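The structure appears right after this line, and notes come after that.
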Amino acid sequence: MSQARFTSCIPLPLEQKTLVGVIEKAKDWALMHGVGMRDRKNFTKDAIQIAPFVLLPSPFPRTEFNKAVELQQVLNELMHKVAHNDDFLEHTLQNALQVDEFTANLYEIWVKVRKEGIAQPVSLGMLRSDIMLESRCPHTENQCAKHTPYCSWKQVEINSIASGFGHLGPVSREIQSYILRQLGCGDLIKNMPENKALSGLCSGIIEAYDLFGVPGSVALFVVEEVSYNICDQRFHEFEISETRPDIIIYRKTLNEIFEEASLNDKKQLMLDDKVVAVVYYRSGYEPAQYPSQREWDARLRVEQSTAIKCPSIHYQLAGTKKVQQALAAPGALEQFLGAGAISGRVRDIFTGLYSLDFDDSGERAVEMALADAERFVLKPQREGGGNNLYGADIREALLRMRHSRERAAYILMERILPPLVSGYVVRPGGQVPPPLTDLVSELGIFGVIIGSKDKIYSNRQVGHMLRTKLADANEGGVAAGLGALDSPYLLDL
Ligand code: ADP
Ligand code: MG
C-alpha cells in the first residue's frame with residue numbers, strides 16, 4: 001500500500017523569490033526569539049544558531065489532535081500509578097535488569113531509597129506522550145467511517161524524564177504564524193492550536209516548589225556538561241523567573257552536584273547553604289551522562305533527599321520501553337485503569353508491542369521480526385534518540401542475540417507509517433532555498449502530574465510540540481540534527 005499523503009496548508013512549491021525572501025526574514029525571527037541551538041561543530045557560549053524548522057505548519061486531523069489532548073490526563077494518571085506499583089515495576093523489569101547495566105543502576109537506587117525510607121513521597125511528573133498518525137487503516141473501506149488519508153494515531157513512547165520542547169514547541173507556532181503572515185496567509189493561523197506548553201510545564205515546577213513550602217529554598221536543574229538545546233532549557237528559567245521572582249534556579253551537572261551538594265540531618269538537599277525544593281532533570285537519562293561513579297553517587301544523593309524530583313527514580317523506571325511493552329499485554333492496563341472504557345481508549349493507541357524474553361511469545365516475536373524486519377522497530381532500554389534499530393539492522397541484531405539473554409533488554413514494536421506532506425526544512429548552514437521534500441511528523445503532548453502514592457494533587461494537559469523529519473529518515477531528533485521544529489495545522493476532514 002502506498003503511503004497516504006496530506007496536502008500542505010498552502011499550495012507548493014512557492015515561487016523562488018518569495019521563498020528566499022521569507023526564509024531570510026524567518027531566520028532572523030528565529031535568532032531573535034530563541035528558536036535556536038548551540039552549534040555542535042563550532043561550539044561557543046557566545047552565540048546560538050537557528051534550530052532547524054519547517055517553513056509551514058504540518059497538517060494534522062483536528063479530531064485526532066483533540067483526542068490526544070483529551071487522553072493526556074489519563075496517561076498521566078497511568079504513569080503515576082505504574083511508577084508507584086513496586087511489584088509491577090519489579091516484575092516487568094526483572095529480565096532486562098540482568099543484562100542492562102544502566103537500567104539496573106537506576107533500579108538499584110530505587111531499591112536503596114525504598115529500603116532507607118522515602119524522604120519525599122511527592123513526585124513531579126512532566127511527561128510527554130509522543131504519537132504518530134498511522135496511515136495504514138486496519139479496517140476495510142466498509143468499516144472505517146471516513147477512510148481518509150489517516151486512520152488514527154498511535155503512541156511512539158511516553159517520556160518521563162527531560163521531556164524537552166516546552167519552549168521550542170510553542171515558539172514554533174509563533175515563527176510559522178509570522179511566516180504565514182509574511183506570505184499573506186495570516187487567515188490560516190486560526191487553524192494552529194494555542195500552545196502554552198512553557199507556562200504549563202513551569203507551573204508544575206512552581207506548584208511543586210510551593211508544595212515543598214520552605215521559604216528561601218531553590219530549584220535545581222540537572223544539566224549536561226554542554227547543553228546544545230540551551231534555548232529550550234533557559235526559557236524555562238526565564239519563565240519561572242518572571243512568574244516567580246522569588247524562586248532562584250541553579251543549573252548543575254551531576255558531577256557538580258557530587259562536588260557541591262550535600263544532605264543535612266533532615267535529609268534536605270543543600271546547595272550553597274540553601275535548601276533545594278525541586279530538582280528538574282534535563283540530563284541523567286542515558287549512560288553517557290554517568291561517566292563515573294561520582295554521577296551515580298550524585299543521583300543517589302538527590303533521590304535520598306526531601307527535594308521533589310522531576311522525575312523521581314521510579315517515574316524514570318516507569319518511562320522505560322519495557323514498561324510500555326508490558327502495559328500493552330492483555331490485562332495490564334485494566335490493573336491500573338479498571339476494566340471500563342478508559343482502558344479501551346488507551347489500548348487503542350498502542351501499536352503492536354512484543355517482549356523478546358526467553359519464552360514462547362518472545363520466540364514468536366523473534367520469528368516475526370526475522371520474517372519481515374521492515375514492519376518493526378527494535379528498541380533497547382534507552383532514551384534520547386539514535387538507539388533504535390530498523391530494517392536490516394533488526395535482522396542482524398536478532399540473529400546475533402537470538403540465543404543470548406541480551407535480547408531481553410529489547411522490545412519489538414510495530415513500525416508506524418505516518419502520512420506524508422511536502423514541505424521545506426530550513427537548517428543552519430543549509431541550502432537556500434531548500435528543496436521541497438516529503439516529510440512526516442511526530443506530535444508530543446505534555447502533561448503535568450503531582451502526587452504521592454495515595455494522593456494526586458494536580459493532573460493536567462499543558463500543551464504540545466511537533467517534530468518533523470524527512471520521510472525516509474528513521475529517527476527525527478531535532479538536537480541530533482535530524483528533525484525539525486514544526487507545529488500542527490488542524491484539518492477538518
Ligand atoms: P527515544 O527514547 O530514543 O526517543 P523513541 O521510542 O521515541 O526513542 O524512538 C525514537 C524515534 O524513532 C521516534 O522519535 C520516531 O521518529 C522513531 N520511532 C520510534 N518508534 C517508532 C515506531 N513504532 N514507528 C515509527 N517510528 C518510530
Ligand atoms: Mg522519543
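In the C-alpha cells, the first chain shown is A, the next is B, and so on; residue numbers restart at 1 for each chain, and ligands run from 1 in the order shown.
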Alpha helix (DSSP H) call set, DSSP backbone run, stretch 16-181 of chain A, as an MDAnalysis selection string | chainID A and resid 16:32 62:83 86:99 101:116 168:181
Please identify every residue of stretch 163-187 of chain A that has at least one atom no farther than 12 Å from an atom of stretch 276-284 of chain A, counting only C-alpha atoms, and for each give the shortest atom pair and the distance in Å to one decimal, arranged by chain then increasing number, as CSV.
```
residue,atom,partner,partner_atom,distance
A:Ser163,CA,A:Arg282,CA,7.8
A:Gly164,CA,A:Arg282,CA,7.9
A:Phe165,CA,A:Arg282,CA,11.2
A:Gly166,CA,A:Arg282,CA,11.9
```
Enumerate, in order of chain and increasing residue number, the residues of chain A with an atom no farther than 6 Å from ligand 1, each with its shortest atom pair and distance in Å to one decimal, counting only C-alpha atoms and all ligand atoms, as a Markdown table.
```
| residue | atom | partner | partner_atom_place_in_ligand_line | distance |
| --- | --- | --- | --- | --- |
| A:Val156 | CA | ligand 1 | 20 (N) | 4.9 |
| A:Glu157 | CA | ligand 1 | 6 (O) | 5.2 |
| A:Val377 | CA | ligand 1 | 23 (N) | 5.7 |
| A:Arg382 | CA | ligand 1 | 2 (O) | 5.8 |
| A:Glu383 | CA | ligand 1 | 2 (O) | 3.4 |
| A:Gly384 | CA | ligand 1 | 3 (O) | 4.2 |
| A:Gly385 | CA | ligand 1 | 3 (O) | 3.1 |
| A:Gly386 | CA | ligand 1 | 3 (O) | 5.8 |
| A:Asn387 | CA | ligand 1 | 3 (O) | 5.8 |
| A:Met413 | CA | ligand 1 | 23 (N) | 5.3 |
| A:Glu414 | CA | ligand 1 | 23 (N) | 5.1 |
| A:Arg415 | CA | ligand 1 | 24 (N) | 3.5 |
| A:Ile416 | CA | ligand 1 | 24 (N) | 3.7 |
| A:Asn474 | CA | ligand 1 | 17 (C) | 5.9 |
| A:Glu475 | CA | ligand 1 | 16 (O) | 3.9 |
| A:Gly476 | CA | ligand 1 | 16 (O) | 4.8 |
```
From the set A:Glu225, A:Val54, A:Ser177, A:Val22, which residue has the shortest atom-to-atom contact distance to A:Thr437, counting only C-alpha atoms?
->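 Closest candidate: A:Val54.
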Quick one: of A:Gln72, A:Ser441, A:Ser241, A:Asn159, who's nearest to ligand 2, counting only C-alpha atoms and all ligand atoms?
-> A:Asn159
Just the residues within 9 Å of stretch 118-128 of chain A, please, counting only C-alpha atoms, with nothing from its chain fewer than 4 positions along; format it as a ChimeraX atom specification.
-> /A:72,76,79-80,113-114,157-164,201,204-205,208,267-268,278,280,303-312,315,444-453,455-456,464
Distance query A:Pro11 at most 12 Å, only C-alpha atoms, self and fewer than 5 positions along chain excluded, as an MDAnalysis selection string = chainID A and resid 6 56 183 185 421:423 436
From the list A:Arg251, A:Arg173, A:Lys322, A:Lys112, which residue is nearest A:Ser487 when using only C-alpha atoms?
->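 Result for the nearest residue to A:Ser487: A:Arg173.
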So what do you get for atom CA of A:Tyr489 versus atom CA of A:Ile342, distance-wise?
->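 Separating atom CA of A:Tyr489 from atom CA of A:Ile342 is a distance of 27.7 Å.
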Among listed residues A:Ile131, A:Ile179, A:Leu89, A:Ala30, nearest ligand 2 (using only C-alpha atoms and all ligand atoms) | A:Ile131
Have a look at A:Gly463, A:Gly169, A:Pro245, A:Pro13 and name the one nearest to A:Val478; count only C-alpha atoms.
->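 Nearest to A:Val478: A:Gly169.
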So which residues touch stretch 246-249 of chain A within 8 Å, counting only C-alpha atoms, skipping near sequence neighbours fewer than 3 positions away, as a list of chain:residue names?
->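 Once the adjacent positions are removed, what remains is A:Gly216, A:Ser217, A:Val218, A:Ala219, A:Leu220, A:Phe221, A:Glu237, A:Ile240, A:Ser241.
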Give me a file of those residues, with N, CA, C and O atoms, as a compact mmCIF listing (two decimals), in the first residue's frame.
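Once written, out-v9.txt looks like this:
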```txt
# COMPACT_ATOMS: atom_id res chain seq x y z
N GLY A 216 12.70 30.63 50.79
CA GLY A 216 14.13 30.79 50.52
C GLY A 216 14.78 29.56 49.90
O GLY A 216 15.97 29.57 49.60
N SER A 217 14.00 28.51 49.71
CA SER A 217 14.58 27.33 49.07
C SER A 217 14.75 27.60 47.57
O SER A 217 14.23 28.59 47.03
N VAL A 218 15.47 26.71 46.89
CA VAL A 218 15.81 26.95 45.48
C VAL A 218 15.38 25.77 44.62
O VAL A 218 15.07 24.69 45.13
N ALA A 219 15.39 26.00 43.30
CA ALA A 219 15.14 24.91 42.36
C ALA A 219 16.46 24.57 41.68
O ALA A 219 17.31 25.44 41.48
N LEU A 220 16.62 23.31 41.35
CA LEU A 220 17.87 22.85 40.74
C LEU A 220 17.57 22.15 39.42
O LEU A 220 16.79 21.19 39.39
N PHE A 221 18.18 22.67 38.34
CA PHE A 221 18.09 21.98 37.04
C PHE A 221 19.35 21.14 36.89
O PHE A 221 20.46 21.67 36.99
N GLU A 237 13.76 28.68 32.63
CA GLU A 237 14.28 29.51 33.73
C GLU A 237 13.73 30.93 33.65
O GLU A 237 13.36 31.52 34.66
N ILE A 240 10.06 31.02 34.75
CA ILE A 240 9.88 30.91 36.20
C ILE A 240 10.33 32.20 36.87
O ILE A 240 9.67 32.72 37.78
N SER A 241 11.43 32.75 36.38
CA SER A 241 11.94 33.97 36.98
C SER A 241 10.95 35.12 36.84
O SER A 241 10.81 35.96 37.74
```
Counting only C-alpha atoms, what is within 9 Å of A:Ala298, bar same-chain residues fewer than 6 positions away, as a PyMOL selection string?
-> chain A and resi 254-259+261
Which of stretch 257-340 of chain A DSSP labels strand (DSSP E), written as a list in words |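 DSSP on the backbone gives strand (DSSP E) at Ser262, Leu263, Leu269, Met270, Leu271, Lys274, Val275, Val276, Ala277, Val278, Val279, Tyr280, Tyr281, Ile308, Lys309 and Cys310 of chain A.
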If you measure from atom CA of A:Asn95 to atom CA of A:Arg400, what distance in Å do you get, rounded to one decimal?
->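 That distance, rounded to one decimal, is 18.3 Å.
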Go through A:Val275, A:Ala26, A:Ala288, A:Arg395 one by one, measure the shortest atom-to-atom distance of each to A:Glu367 using only C-alpha atoms, and give the residue with the smallest value.
->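 With only C-alpha atoms as the atom set, the closest residue is A:Arg395.
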Using only C-alpha atoms, determine which residues lie at most 9 Å from stretch 401-412 of chain A, disregarding the query and same-chain residues fewer than 5 positions distant; provide the list as a list in words.
->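 Everything that qualifies: Leu93, Asn95, Ala96, Leu97, Gln98, Val99, Asp100, Lys321, Lys322, Gln325, Gly352, Leu353, Tyr354, Ser355, Leu356, Asp357, Phe358, Gly362, Glu363, Ala365, Val366, Ala369, Phe376, Val377, Leu378, Lys379, Pro380, Gln381 and Glu396 of chain A.
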